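Below is one structure; the comments refer to it alone.
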Amino acid sequence: MKFYIKFLTLFTLILSVHAQQTPAPSQQQAIAITGATAHLGTGEVIENSLIIFNNGLLEYVGQLDSTRINSDMEVIDAQNQHVYPGFIIPNSTLGLIEIDAVRASDDDAEIGTWNPHIRSLIAYNTESKVVETMRPNGVLLAQITPRGGRISGKSSVVQLDAWNWEDATIKTDEGIHMNWPSNFSYGRWWLGESPGLKVNDKYNDQVSEVETYFSNAKAHLATKSKGTHLPYEAMTGLFDGTTKLYIHVDDEKGIVDAVTAAQNHNISDIVLVGAYEAYKVASFLKTNKIPVLLRRVHSRPNKSDEDYDLPFKLAKMLVDAGVVVALEASGDMERMNSRNLPFYAGTTVAFGLTKAQALKLITLNPAKILGIDDQYGSLESGKSATLFISSGDALDMRTNQLTRAFIDGRDISLESHQTKLWKRYSNKYKTQE
């Protein structure tokens with residue numbers, strides 16, 4: 001018995017050392033941030049600003065006015081610093097996988113092909129070490145998205161400083177994610193096939209399967225003659241307009257086919273994810289009011305005859321065409337790369353967008369697409385006080401150094417396992433000097 005008690009005590013101590021930062025308590029007093037350059041996320045920038053928030057909500061955002069400040073407030077002098085809305089990372093598996101090589105920590109996909117009833121939210125791990133590394137770069141909100149199958153399941157929006165998934169939730173089951181069949185596939189080199197792209201001979205059959213599934217779901221919902229069918233019933237929101245359909249698709253033909261098929265089934269709220277060749281059908285997307293969660297900016301062109309900088313300038317091409325665009329980070333090491341979201345936006349500035357336009361790609365635009373722009377995505381009176389202070393330009397990796405960050409007015413920790421190691425070894429080498 002003594003052995004077990006000692007073991008449990010040791011185990012508890014180990015967990016306490018490696019546990020996530022304790023979530024911040026609710027805001028206790030009004031806070032005024034003075035003198036900063038405020039980037040509102042709407043395209044407007046206010047020099048020498050005053051931002052006041054209380055009870056988790058913004059009360060004033062405007063020019064510095066000392067008459068609005070009283071002795072009951074905590075005053076943060078942010079002269080020569082910058083204030084931004086919290087950045088939002090859509091189409092993310094944060095908190096669903098901790099270590100790819102450890103199967104027990106991998107919970108981003110369900111078995112099977114048709115899983116509209118699967119909810120990613122209940123698998124979200126707020127204790128993730130990866131999640132806490134987002135905050136020091138200003139990424140404070142995320143859309144937690146399932147993977148796999150033809151229909152992967154439902155996504156939800158969370159804030160990244162919480163005790164559990166219930167506390168983290170901002171918007172529950174806001175969309176269903178579907179992986180549209182590809183017109184092309186890569187050869188299976190391990191079977192002796194050419195590794196290059198080839199036409200997918202099964203494309204039409206796969207599209208027909210999708211069409212049939214949607215038709216069957218509508219028929220079931222209309223009659224319910226076959227009793228309970230959880231996958232079909234989970235699709236109710238797609239047909240009545242209360243749930244978004246996120247279509248993961250890259251190629252030009254697939255984009256048009258996917259949007260057309262969804263509209264034929266009276267699905268009106270559609271978002272494209274990835275959408276590598278969206279620039280080829282930008283006028284079609286604008287006409288149909290289809291927003292895009294654009295693939296990772298820091299990537300290579302898909303084809304040898306494409307411009308080397310195509311991934312860098314895709315955002316500008318779509319924005320110029322009038323398409324609503326937000327940035328995501330899916331691909332290899334997606335969760336780790338999610339912390340680079342502000343620097344993806346910064347790259348789009350180097351390739352033609354203004355800084356105000358680039359900021360929208362990771363603040364107000366994703367908030368609009370996710371349906372949370374009534375509370376998040378910009379610094380406006382009445383909205384959530386989810387924001388941060390940076391000593392420099394937050395879209396530049398050389399100067400994005402956060403000094404304070406708040407989620408719903410809560411003063412959150414910017415510590416992570418990585419910042420602790422940085423401080424630890426910085427002190428080591430300072431001592432040796």
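Starting from 1 in every chain, residues are counted up; chains themselves are A, B, ... following the order of the structure tokens, and ligands are numbered from 1 as listed.
Residues with any atom within 9 Å of Gly41 in chain A, counting only C-alpha atoms and excluding same-chain neighbours fewer than 5 positions away, are Tyr84, Pro85, Ala356, Gln357, Leu359, Lys360, Ile362, Thr363, Leu364, Asn365, Gly377, Ser378 and Leu379 of chain A.
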Store the residues picked out above, limited to C-alpha atoms, as an mmCIF file, in the first residue's frame.
data_model
loop_
_atom_site.group_PDB
_atom_site.id
_atom_site.type_symbol
_atom_site.label_atom_id
_atom_site.label_comp_id
_atom_site.auth_asym_id
_atom_site.auth_seq_id
_atom_site.Cartn_x
_atom_site.Cartn_y
_atom_site.Cartn_z
ATOM 1 C CA TYR A 84 -4.726 43.423 -32.291
ATOM 2 C CA PRO A 85 -7.860 41.264 -32.139
ATOM 3 C CA ALA A 356 -5.029 45.908 -43.131
ATOM 4 C CA GLN A 357 -6.222 43.428 -45.786
ATOM 5 C CA LEU A 359 -4.969 41.238 -40.938
ATOM 6 C CA LYS A 360 -8.566 40.615 -42.022
ATOM 7 C CA ILE A 362 -6.870 36.005 -39.790
ATOM 8 C CA THR A 363 -9.356 38.094 -37.787
ATOM 9 C CA LEU A 364 -12.631 39.459 -39.154
ATOM 10 C CA ASN A 365 -12.870 37.265 -42.277
ATOM 11 C CA GLY A 377 -12.686 39.133 -35.082
ATOM 12 C CA SER A 378 -12.410 42.895 -34.546
ATOM 13 C CA LEU A 379 -11.959 45.536 -31.870
#
Taking only range 164-405 of chain A into account, list the residues labelled strand (DSSP E or B) by DSSP (computed from the backbone), as a PDB file with C-alpha atoms, in the first residue's frame.
ATOM      1  CA  THR A 169     -16.686  26.227 -26.565  1.00  0.00           C
ATOM      2  CA  ILE A 170     -17.643  29.369 -28.466  1.00  0.00           C
ATOM      3  CA  LYS A 171     -19.820  27.815 -31.167  1.00  0.00           C
ATOM      4  CA  THR A 172     -20.899  24.178 -31.145  1.00  0.00           C
ATOM      5  CA  ASP A 173     -21.224  21.943 -34.229  1.00  0.00           C
ATOM      6  CA  GLU A 174     -21.274  24.925 -36.586  1.00  0.00           C
ATOM      7  CA  GLY A 175     -20.355  23.009 -39.744  1.00  0.00           C
ATOM      8  CA  ILE A 176     -20.056  19.637 -41.474  1.00  0.00           C
ATOM      9  CA  HIS A 177     -16.879  18.836 -43.419  1.00  0.00           C
ATOM     10  CA  MET A 178     -16.863  16.919 -46.692  1.00  0.00           C
ATOM     11  CA  ASN A 179     -13.862  15.795 -48.746  1.00  0.00           C
ATOM     12  CA  PHE A 184      -6.684  13.461 -60.316  1.00  0.00           C
ATOM     13  CA  SER A 185      -4.610  11.100 -58.209  1.00  0.00           C
ATOM     14  CA  TYR A 186      -0.922  10.353 -57.816  1.00  0.00           C
ATOM     15  CA  LEU A 197      -0.627  12.891 -61.571  1.00  0.00           C
ATOM     16  CA  LYS A 198      -3.144  10.853 -63.497  1.00  0.00           C
ATOM     17  CA  VAL A 199      -6.870  11.134 -64.191  1.00  0.00           C
ATOM     18  CA  LYS A 244     -22.427  25.268 -42.935  1.00  0.00           C
ATOM     19  CA  LEU A 245     -21.066  22.782 -45.431  1.00  0.00           C
ATOM     20  CA  TYR A 246     -17.269  22.963 -45.606  1.00  0.00           C
ATOM     21  CA  ILE A 247     -16.096  21.365 -48.844  1.00  0.00           C
ATOM     22  CA  HIS A 248     -12.436  20.374 -48.942  1.00  0.00           C
ATOM     23  CA  VAL A 249     -11.487  20.590 -52.610  1.00  0.00           C
ATOM     24  CA  ILE A 270     -21.085  26.709 -48.397  1.00  0.00           C
ATOM     25  CA  VAL A 271     -17.405  27.290 -47.618  1.00  0.00           C
ATOM     26  CA  LEU A 272     -14.452  25.993 -49.639  1.00  0.00           C
ATOM     27  CA  VAL A 273     -11.410  24.664 -47.781  1.00  0.00           C
ATOM     28  CA  GLY A 274      -7.993  24.461 -49.433  1.00  0.00           C
ATOM     29  CA  VAL A 292     -12.623  30.366 -49.067  1.00  0.00           C
ATOM     30  CA  LEU A 293     -10.401  29.036 -46.282  1.00  0.00           C
ATOM     31  CA  LEU A 294      -7.202  29.193 -48.285  1.00  0.00           C
ATOM     32  CA  VAL A 325     -10.784  34.809 -47.876  1.00  0.00           C
ATOM     33  CA  ALA A 326      -9.352  33.508 -44.605  1.00  0.00           C
ATOM     34  CA  LEU A 327      -6.117  31.603 -44.050  1.00  0.00           C
ATOM     35  CA  SER A 384     -15.590  40.311 -26.728  1.00  0.00           C
ATOM     36  CA  LEU A 387      -7.095  40.788 -27.968  1.00  0.00           C
ATOM     37  CA  PHE A 388      -3.383  41.061 -27.374  1.00  0.00           C
ATOM     38  CA  ILE A 389      -0.601  43.625 -27.092  1.00  0.00           C
ATOM     39  CA  SER A 390       2.570  43.162 -29.151  1.00  0.00           C
ATOM     40  CA  LEU A 402       3.393  39.596 -27.077  1.00  0.00           C
ATOM     41  CA  THR A 403       3.428  41.377 -23.725  1.00  0.00           C
ATOM     42  CA  ARG A 404      -0.217  40.760 -22.666  1.00  0.00           C
ATOM     43  CA  ALA A 405      -3.137  38.778 -24.055  1.00  0.00           C
TER      44      ALA A 405
END
Any chance you could tabulate, as a tab-separated table, the residues of range 292-402 of chain A at most 10 Å from range 130-136 of chain A with each one's nearest atom pair and distance in Å to one decimal, using only C-alpha atoms, in chain and rising number order?
residue	atom	partner	partner_atom	distance
A:Arg335	CA	A:Val130	CA	7.2
A:Met336	CA	A:Val130	CA	6.9
A:Asn337	CA	A:Met134	CA	9.4
A:Ser338	CA	A:Met134	CA	7.2
A:Arg339	CA	A:Met134	CA	4.9
A:Asn340	CA	A:Met134	CA	8.5
A:Leu341	CA	A:Met134	CA	9.3
A:Phe388	CA	A:Arg135	CA	9.4
A:Ser390	CA	A:Pro136	CA	9.8
A:Asn400	CA	A:Pro136	CA	9.0
A:Gln401	CA	A:Pro136	CA	7.7
A:Leu402	CA	A:Pro136	CA	6.2
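Between CA of Pro146 in chain A and CA of Val323 in chain A lies a distance of 25.2 Å.
Between Gly153 in chain A and the residues A:Val83, A:Ala385, A:Met235, A:Val139, the shortest atom-to-atom distance, using only C-alpha atoms, involves A:Met235.
Distances to Asn266 in chain A were evaluated for A:Glu209, A:Asp251, A:Asp240, A:Glu127 using only C-alpha atoms, and the minimum falls at A:Asp240.
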Secondary structure check, helix (DSSP H, G or I) residues of range 163-276 of chain A, as a compact mmCIF listing (two decimals) with C-alpha atoms, in the first residue's frame:
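So result16.txt came out as:
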# COMPACT_ATOMS: atom_id res chain seq x y z
CA TRP A 165 -13.98 21.43 -23.88
CA GLU A 166 -17.23 22.66 -22.38
CA ASP A 167 -15.54 25.82 -21.07
CA ALA A 168 -13.63 26.27 -24.31
CA TRP A 189 4.93 4.21 -56.97
CA TRP A 190 5.20 1.30 -54.52
CA LEU A 191 3.17 -0.76 -57.02
CA TYR A 203 -14.36 10.39 -60.21
CA ASN A 204 -17.88 10.26 -61.71
CA ASP A 205 -18.79 7.21 -59.63
CA GLN A 206 -17.52 8.88 -56.47
CA VAL A 207 -19.50 12.05 -57.21
CA SER A 208 -22.57 9.89 -57.81
CA GLU A 209 -22.08 8.31 -54.37
CA VAL A 210 -22.06 11.77 -52.78
CA GLU A 211 -25.20 12.81 -54.67
CA THR A 212 -26.96 9.59 -53.63
CA TYR A 213 -26.00 10.04 -49.99
CA PHE A 214 -27.41 13.56 -49.89
CA SER A 215 -30.59 12.44 -51.67
CA ASN A 216 -31.06 9.57 -49.23
CA ALA A 217 -30.52 11.89 -46.26
CA LYS A 218 -33.17 14.31 -47.55
CA ALA A 219 -35.58 11.45 -48.18
CA HIS A 220 -35.06 10.07 -44.68
CA LEU A 221 -35.59 13.47 -43.09
CA ALA A 222 -38.75 13.95 -45.12
CA THR A 223 -40.34 10.63 -44.13
CA LEU A 230 -27.97 9.36 -36.75
CA PRO A 231 -25.80 10.24 -39.78
CA TYR A 232 -28.77 11.34 -41.89
CA GLU A 233 -30.37 13.26 -39.05
CA THR A 236 -30.63 18.42 -40.97
CA GLY A 237 -28.88 21.76 -40.54
CA LEU A 238 -27.40 21.62 -44.04
CA PHE A 239 -30.85 21.61 -45.61
CA ASP A 240 -32.48 24.21 -43.35
CA GLU A 252 -10.92 23.87 -60.67
CA LYS A 253 -13.45 21.33 -61.96
CA GLY A 254 -13.95 19.87 -58.51
CA ILE A 255 -14.73 23.32 -57.07
CA VAL A 256 -17.44 24.00 -59.64
CA ASP A 257 -18.86 20.47 -59.39
CA ALA A 258 -18.93 20.55 -55.59
CA VAL A 259 -20.65 23.92 -55.30
CA THR A 260 -23.16 23.01 -58.02
CA ALA A 261 -23.98 19.68 -56.40
CA ALA A 262 -24.50 21.30 -52.99
CA GLN A 263 -26.75 23.97 -54.45
CA ASN A 264 -28.77 21.31 -56.30
For this session: Skip Ser330 in chain A itself and residues of its chain fewer than 4 positions away, then list as a VMD selection string all residues within 8 Å of it, counting only C-alpha atoms.
Result: chain A and resid 91 to 92 295 to 296 334 to 335
Since we have the selection now, will you write its residues out, keeping C-alpha atoms, as a PDB file, in the first residue's frame?
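Everything below was put into part-v7.pdb:
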ATOM      1  CA  ASN A  91      -9.763  24.037 -40.181  1.00  0.00           C
ATOM      2  CA  SER A  92      -7.494  22.938 -37.352  1.00  0.00           C
ATOM      3  CA  ARG A 295      -4.496  26.542 -48.073  1.00  0.00           C
ATOM      4  CA  ARG A 296      -1.242  27.214 -46.230  1.00  0.00           C
ATOM      5  CA  GLU A 334      -0.438  21.369 -39.457  1.00  0.00           C
ATOM      6  CA  ARG A 335      -0.851  21.755 -35.708  1.00  0.00           C
TER       7      ARG A 335
END
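Minimum atom-to-atom distance to Glu47 in chain A, evaluated using only C-alpha atoms, belongs to A:His82 out of A:His117, A:His82, A:Lys289, A:Arg103.
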